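Working notes, beginning with the structure itself.
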Amino acid sequence: MRDPLILPLILTGWRHSIHTAIVRLTLAEKGVAARFVEVDPFRAPDAAGLSPFGMVPVLRQGEFTLYETGAICRWIDEGFEGPALQPGDPKARARMVQAIAIMDAHGFRPMLRDHYGAGVFALAEGEPPDPARVSVGLRAAMSVLAALDGIAAEGLVLSGPLTLADLHLAAMFAGFTRSPDGAAAVAAFPALHNWWQRQVKRPHVATCLGPLPDH
């Protein structure tokens with residue numbers, strides 16, 4: 001039985017954090033309201049409300065504090081009313097978990113920290129880009145995109161009802177495709193490209209990441 005939503009939810013995060021964006025997308029699609037408290041973990045690593053590791057996002061309700069994006073999103077889905085975001089079919093649920101794991105283990109560093117972070121985001125922050133990291137990240141991203149394209153083509157997830165995998169990947173692709181080369185790379189994989197074109201039409205995807213700094 002689900003506990004009634006009595007105490008307000010408080011989400012501590014950073015507007016440019018991909019993982020904060022994942023949680024914000026999940027809250028929005030689930031229809032769950034939360035107060036957003038912004039903390040830049042790189043400039044205020046000891047700020048109250050962060051995890052023991054100085055990272056965001058952190059979601060709190062009363063005395064209950066939860067960190068780690070996967071745990072937060074599963075709690076949002078299972079602990080609150082709204083559309084289910086995890087498949088009932090065991091194979092589809094396994095594919096959902098696999099797609100998220102692929103993105104976290106193999107996609108986040110090359111696609112976001114290297115290609116996007118050392119290129120588009122660095123420029124927006126007024127820092128010199130690192131063309132070598134940008135290029136290496138793009139090359140490494142191709143095997144990740146190929147794996148996700150196969151999952152999308154299979155049809156168990158990334159092709160039908162919205163799941164946590166869609167939301168997890170959408171926030172990351174929202175950053176990666178801010179680079180023209182990143183967008184072109186996604187377009188080279190038909191099933192994945194079709195998936196992404198559906199996601200960008202979702203009203204919350206366009207705003208899940210904060211606008212880039214304008215210097």
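Chain labels run A, B, ... following the order of the structure tokens; each chain numbers its residues from 1, and ligands are numbered from 1 in the order shown.
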Show me, as a list in words, the residues that have an atom within 12 Å of Val97 in chain A when counting only C-alpha atoms, minus same-chain residues fewer than 5 positions from it.
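Listing them by chain and then by number gives Gly70, Arg74, Leu85, Gln86, Pro87, Pro90, Lys91, Ala92, Ile102, Met103, Asp104, Ala105, Ile151, Leu156, Val157, Leu158, Thr163, Leu164, Ala165, Asp166, His168 and Leu169 of chain A.
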Deliver the residues from the most recent selection as a file, using C-alpha atoms, as an mmCIF file, in the first residue's frame.
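This went into selection.cif:
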```cif
data_model
loop_
_atom_site.group_PDB
_atom_site.id
_atom_site.type_symbol
_atom_site.label_atom_id
_atom_site.label_comp_id
_atom_site.auth_asym_id
_atom_site.auth_seq_id
_atom_site.Cartn_x
_atom_site.Cartn_y
_atom_site.Cartn_z
ATOM 1 C CA GLY A 70 18.257 5.039 -9.991
ATOM 2 C CA ARG A 74 12.265 3.870 -8.630
ATOM 3 C CA LEU A 85 7.047 3.802 -15.503
ATOM 4 C CA GLN A 86 8.359 0.257 -15.221
ATOM 5 C CA PRO A 87 7.160 -2.578 -17.464
ATOM 6 C CA PRO A 90 10.037 -9.431 -16.975
ATOM 7 C CA LYS A 91 11.881 -9.287 -20.300
ATOM 8 C CA ALA A 92 10.877 -5.688 -20.925
ATOM 9 C CA ILE A 102 24.558 0.789 -20.680
ATOM 10 C CA MET A 103 24.084 4.536 -20.538
ATOM 11 C CA ASP A 104 25.523 4.905 -17.044
ATOM 12 C CA ALA A 105 28.460 2.528 -17.445
ATOM 13 C CA ILE A 151 17.389 -2.329 -28.074
ATOM 14 C CA LEU A 156 10.598 -4.289 -25.716
ATOM 15 C CA VAL A 157 11.516 -0.781 -24.535
ATOM 16 C CA LEU A 158 12.381 2.561 -26.167
ATOM 17 C CA THR A 163 9.523 3.800 -18.999
ATOM 18 C CA LEU A 164 12.331 4.900 -16.718
ATOM 19 C CA ALA A 165 14.733 3.965 -19.525
ATOM 20 C CA ASP A 166 13.195 6.596 -21.809
ATOM 21 C CA HIS A 168 17.068 8.279 -18.140
ATOM 22 C CA LEU A 169 18.300 8.301 -21.725
#
```
Need the shell around Leu50 in chain A: protein/DNA/RNA residues with any atom at most 10 Å away, counting only C-alpha atoms. Skip same-chain ones fewer than 2 positions apart. Format as a compact mmCIF listing (two decimals) with C-alpha atoms, in the first residue's frame?
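Listed below is the output, out-v3.txt:
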```txt
# COMPACT_ATOMS: atom_id res chain seq x y z
CA THR A 12 18.28 19.23 -4.23
CA GLY A 13 20.08 19.44 -7.54
CA VAL A 39 23.12 23.57 -5.35
CA PRO A 41 28.11 20.57 -6.22
CA ALA A 44 29.51 24.13 -2.81
CA PRO A 45 30.50 20.51 -2.17
CA ASP A 46 29.71 20.77 1.54
CA ALA A 47 26.29 22.35 1.15
CA ALA A 48 23.51 20.93 3.29
CA PRO A 52 27.73 11.77 1.67
CA PHE A 53 29.68 11.90 -1.59
CA GLY A 54 28.91 15.56 -2.28
CA MET A 55 26.75 14.76 -5.28
CA VAL A 56 23.29 15.65 -6.55
CA PRO A 57 20.43 14.87 -6.95
CA VAL A 58 19.06 14.21 -3.47
CA LEU A 59 15.34 13.78 -2.81
CA THR A 65 16.55 11.24 2.37
CA LEU A 66 17.45 9.34 -0.79
CA TYR A 67 20.39 9.77 -3.12
```
Residues near Leu9 in chain A, anyone? I mean within 7 Å using only C-alpha atoms, not counting same-chain ones fewer than 5 positions away, as number ranges by chain.
A: 34-35, 59-61
Output the selection as a compact mmCIF listing (two decimals), in the first residue's frame - C-alpha atoms for each residue.
```
# COMPACT_ATOMS: atom_id res chain seq x y z
CA ALA A 34 8.67 18.71 -5.58
CA ARG A 35 10.32 21.91 -4.43
CA LEU A 59 15.34 13.78 -2.81
CA ARG A 60 13.91 14.30 0.66
CA GLN A 61 10.50 13.82 2.24
```
List every residue of range 59-138 of chain A that DSSP, applied to the backbone of this structure, places in strand (DSSP E or B), and write the result as a PyMOL selection string.
chain A and resi 59-61+64-67
Nearest residue to Phe121 in chain A out of A:Pro203, A:Gly175, A:Gly62, A:Pro8, using only C-alpha atoms?
A:Gly175
To one decimal in Å, tell me the separation between CA of Cys208 in chain A and CA of Pro129 in chain A.
23.9 Å
Extract, using only C-alpha atoms, all DNA, RNA and protein residues at most 8 Å from Asp149 in chain A, discarding same-chain residues fewer than 3 positions from it, and format them as a compact mmCIF listing (two decimals) with N, CA and C atoms, in the first residue's frame.
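Below you can see result_15.txt, which holds the result:
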```
# COMPACT_ATOMS: atom_id res chain seq x y z
N LEU A 145 25.69 4.00 -28.89
CA LEU A 145 24.52 4.29 -29.73
C LEU A 145 24.09 3.05 -30.50
N ALA A 146 25.05 2.26 -30.96
CA ALA A 146 24.72 1.04 -31.70
C ALA A 146 23.99 0.04 -30.80
N ALA A 152 16.27 -0.44 -29.12
CA ALA A 152 15.09 0.26 -29.64
C ALA A 152 14.43 -0.51 -30.77
N ALA A 153 15.25 -1.12 -31.63
CA ALA A 153 14.70 -1.88 -32.76
C ALA A 153 13.99 -3.15 -32.31
N PHE A 189 21.56 6.28 -36.55
CA PHE A 189 21.01 5.01 -36.07
C PHE A 189 19.49 5.10 -36.13
N PRO A 190 18.86 4.46 -37.13
CA PRO A 190 17.45 4.72 -37.42
C PRO A 190 16.48 4.50 -36.26
N ALA A 191 16.56 3.36 -35.58
CA ALA A 191 15.61 3.09 -34.50
C ALA A 191 15.82 4.05 -33.34
N LEU A 192 17.07 4.32 -33.03
CA LEU A 192 17.37 5.24 -31.94
C LEU A 192 16.98 6.67 -32.31
```
Nearest to Ala184 in chain A, chosen from A:Ala101, A:Val136, A:Val200, A:Met142, with only C-alpha atoms counted in the distances:
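Distance minimum relative to Ala184 in chain A lands on A:Met142.
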My list of candidates is A:Leu7, A:Ala183, A:Ala170, A:Asn194. Which is closest to Leu209 in chain A when distances are computed with only C-alpha atoms?
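Going through A:Leu7, A:Ala183, A:Ala170, A:Asn194 one by one, the smallest distance to Leu209 in chain A is for A:Ala170.
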DSSP on the backbone, helix (DSSP H, G or I) only: what residues of chain A does that give? Format it as a PyMOL selection string.
chain A and resi 18-30+69-79+90-124+131-154+164-176+180-187+190-199
When you count only C-alpha atoms, which of these residues is closest to Ser17 in chain A: A:Ala187, A:Leu212, A:Ala84, A:Cys73?
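Distance minimum relative to Ser17 in chain A lands on A:Leu212.
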Counting only C-alpha atoms, figure out which residue out of A:Asp181, A:Asp89, A:Glu38, A:Glu68 gets nearest to Tyr116 in chain A.
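Closest candidate: A:Asp181.
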Considering only C-alpha atoms, state which residue in the set A:Ser51, A:Phe173, A:Glu63, A:Ala71 is at the smallest distance from His115 in chain A.
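Nearest to His115 in chain A: A:Phe173.
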Set the distance at 12 Å and use only C-alpha atoms: which residues neighbour Ala206 in chain A once local chain neighbours fewer than 6 positions away are removed? I'd like the list as an NGL selection string.
:A and (21 or 24-25 or 170-175 or 177-178 or 196-200)
Next, the residues of the selection above should be written as an mmCIF file, in the first residue's frame with C-alpha atoms.
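Now in result09.cif:
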```cif
data_model
loop_
_atom_site.group_PDB
_atom_site.id
_atom_site.type_symbol
_atom_site.label_atom_id
_atom_site.label_comp_id
_atom_site.auth_asym_id
_atom_site.auth_seq_id
_atom_site.Cartn_x
_atom_site.Cartn_y
_atom_site.Cartn_z
ATOM 1 C CA ALA A 21 17.427 16.301 -15.088
ATOM 2 C CA ARG A 24 13.028 16.135 -12.759
ATOM 3 C CA LEU A 25 11.768 14.324 -15.856
ATOM 4 C CA ALA A 170 16.310 11.377 -22.760
ATOM 5 C CA ALA A 171 18.028 13.610 -20.219
ATOM 6 C CA MET A 172 21.445 12.415 -21.387
ATOM 7 C CA PHE A 173 20.574 12.773 -25.065
ATOM 8 C CA ALA A 174 19.307 16.289 -24.350
ATOM 9 C CA GLY A 175 22.887 17.176 -23.491
ATOM 10 C CA THR A 177 22.602 16.383 -28.987
ATOM 11 C CA ARG A 178 23.351 20.010 -28.106
ATOM 12 C CA TRP A 196 14.785 10.456 -29.901
ATOM 13 C CA GLN A 197 12.452 12.326 -32.246
ATOM 14 C CA ARG A 198 9.525 11.109 -30.157
ATOM 15 C CA GLN A 199 11.214 12.168 -26.924
ATOM 16 C CA VAL A 200 12.043 15.714 -28.019
#
```
